[in-house]
Structure formats: structure tokens, C-alpha cells
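Asker: Here's a structure for you.
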Amino acid sequence: MNTGSDRGTQESAAESAADGTTEHTTQEAPHVSKAPAFIKSRRTLHLSWQVGVFIVGLAVIGAGVAMLVLPGPGWVAIFAGLAIWATEFAWASLVLRWTKRKVTEAAQKALDPKVRRRNIILTSVGLAIAGALIGFYLWKYGLTMPWHLKDQ
């Protein structure tokens, strides 16, 4: 139980170090660029690298936005562009981590038995209605396409 006191945290850390086990900390390492060392060593090269990563990530995200209305995996491309940005920019890493957490929460919510049952029932009703409409059309007009129907 966390009482807000820092007393005892050094002892538990020392005990876990003595056991050989490590304690999971909530503090994260600062964001580090994934650029090669020779690029990071020169400021102008590193800035050029970051501009290139930004442009490539922007192009991938732009393609993903276009694929939202065109055929293609739009959301996958958007998340891939965000992952490209996350290699160089701390803010993109935070956004990507937040997005992963929200997607995981949504997946867990979708696996809830009540939600699953509701989705199965709604899908079944939708398929039954679509089947009834298709059956009515075939009974009334046969296999004639709608644009070949004579004015009736």
C-alpha cells in the first residue's frame, strides 16, 4: 500500500538487488534518438536526419489518411508513420504509447462477454435482414441486375 512515504524504498531496493531480482520502476529512460552514432555526433547531420525522418513519417501518415477513403490499410499506415516519428521525437513516442494503451483497452472491452453477445446478435439480425432483402429481390426479379430492369 502506498502511503506517500518514501521510507523503506531504499531498503526494498537494496534487498531486491541482494536477491538478484530487479524492481520494476515507473520512471522511464529519456527518449534517445535511433540515428547511427556518426550522425548523432554531428549536429547538422543529426538535424538533417530528423528532418528526413519527419518527412518520411509525414508521407506515410499522409498515405494512411488517403487510404481511409481509398482502398488500403489506412489506420495501419497512420500508426506506422507515428512509429517512424517515434524513433526520433519524444512527443510521438508518447502519442504512440497512449494509442497502444487505448487500442488494448478497446480490445479488452470487445472481448467482454456481454459486448460480444450483443455484437453477435446485432450481426445476426443484420445478416438476416440482408438475406431477406436479397431473397425478396430474387423472388420478384430473378437474377436480373437492377440496371437491366424495365420500368415497372
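Scheme for the C-alpha cells: letters A, B, ... for chains in order shown; per-chain residue numbers from 1; ligand numbers from 1 in order shown.
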According to DSSP computed on the backbone, where in range 15-127 of chain A is there helix (DSSP H, G or I)? Give the residues as a PyMOL selection string.
Answerer: chain A and resi 15-19+37-40+43-69+74-86+90-110+113-127
Asker: As a list in words, please: the residues near range 94-111 of chain A (cut-off 10 Å, only C-alpha atoms, same-chain neighbours under 6 positions excluded).
Answerer: His31, Phe79, Ala80, Leu82, Ala83, Trp85, Ala86, Arg117 and Asn119 of chain A
Asker: Could you list, as a VMD selection string, every residue within 6 Å of range 51-68 of chain A, counting only C-alpha atoms and ignoring same-chain residues fewer than 5 positions away?
Answerer: chain A and resid 74 77 to 78 81 84 to 85
Asker: Please save N, CA and C atoms of the selected residues as a compact mmCIF listing (two decimals), in the first residue's frame.
Answerer:
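For reference, again.txt as written:
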```
# COMPACT_ATOMS: atom_id res chain seq x y z
N GLY A 74 -5.56 2.02 -44.04
CA GLY A 74 -5.30 3.39 -43.63
C GLY A 74 -4.78 3.53 -42.22
N ALA A 77 -1.21 2.29 -41.73
CA ALA A 77 -0.21 3.22 -42.27
C ALA A 77 -0.05 4.43 -41.34
N ILE A 78 -1.14 4.92 -40.78
CA ILE A 78 -1.04 6.05 -39.85
C ILE A 78 -0.22 5.67 -38.64
N GLY A 81 3.46 5.42 -39.60
CA GLY A 81 4.07 6.74 -39.68
C GLY A 81 4.36 7.31 -38.30
N ILE A 84 7.40 5.65 -37.04
CA ILE A 84 8.60 6.23 -37.66
C ILE A 84 8.99 7.51 -36.93
N TRP A 85 8.01 8.36 -36.66
CA TRP A 85 8.29 9.58 -35.91
C TRP A 85 8.80 9.28 -34.51
```
Asker: Quick check, in Å to one decimal: how far apart do CA of Ser33 in chain A and CA of Phe89 in chain A lie?
Answerer: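 Between these atoms lies a distance of 7.6 Å.
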Asker: So, with only C-alpha atoms as the atoms that count, which of A:Ser93, A:His148, A:Leu122, A:Glu88 lies closest to Lys40 in chain A?
Answerer: A:Glu88
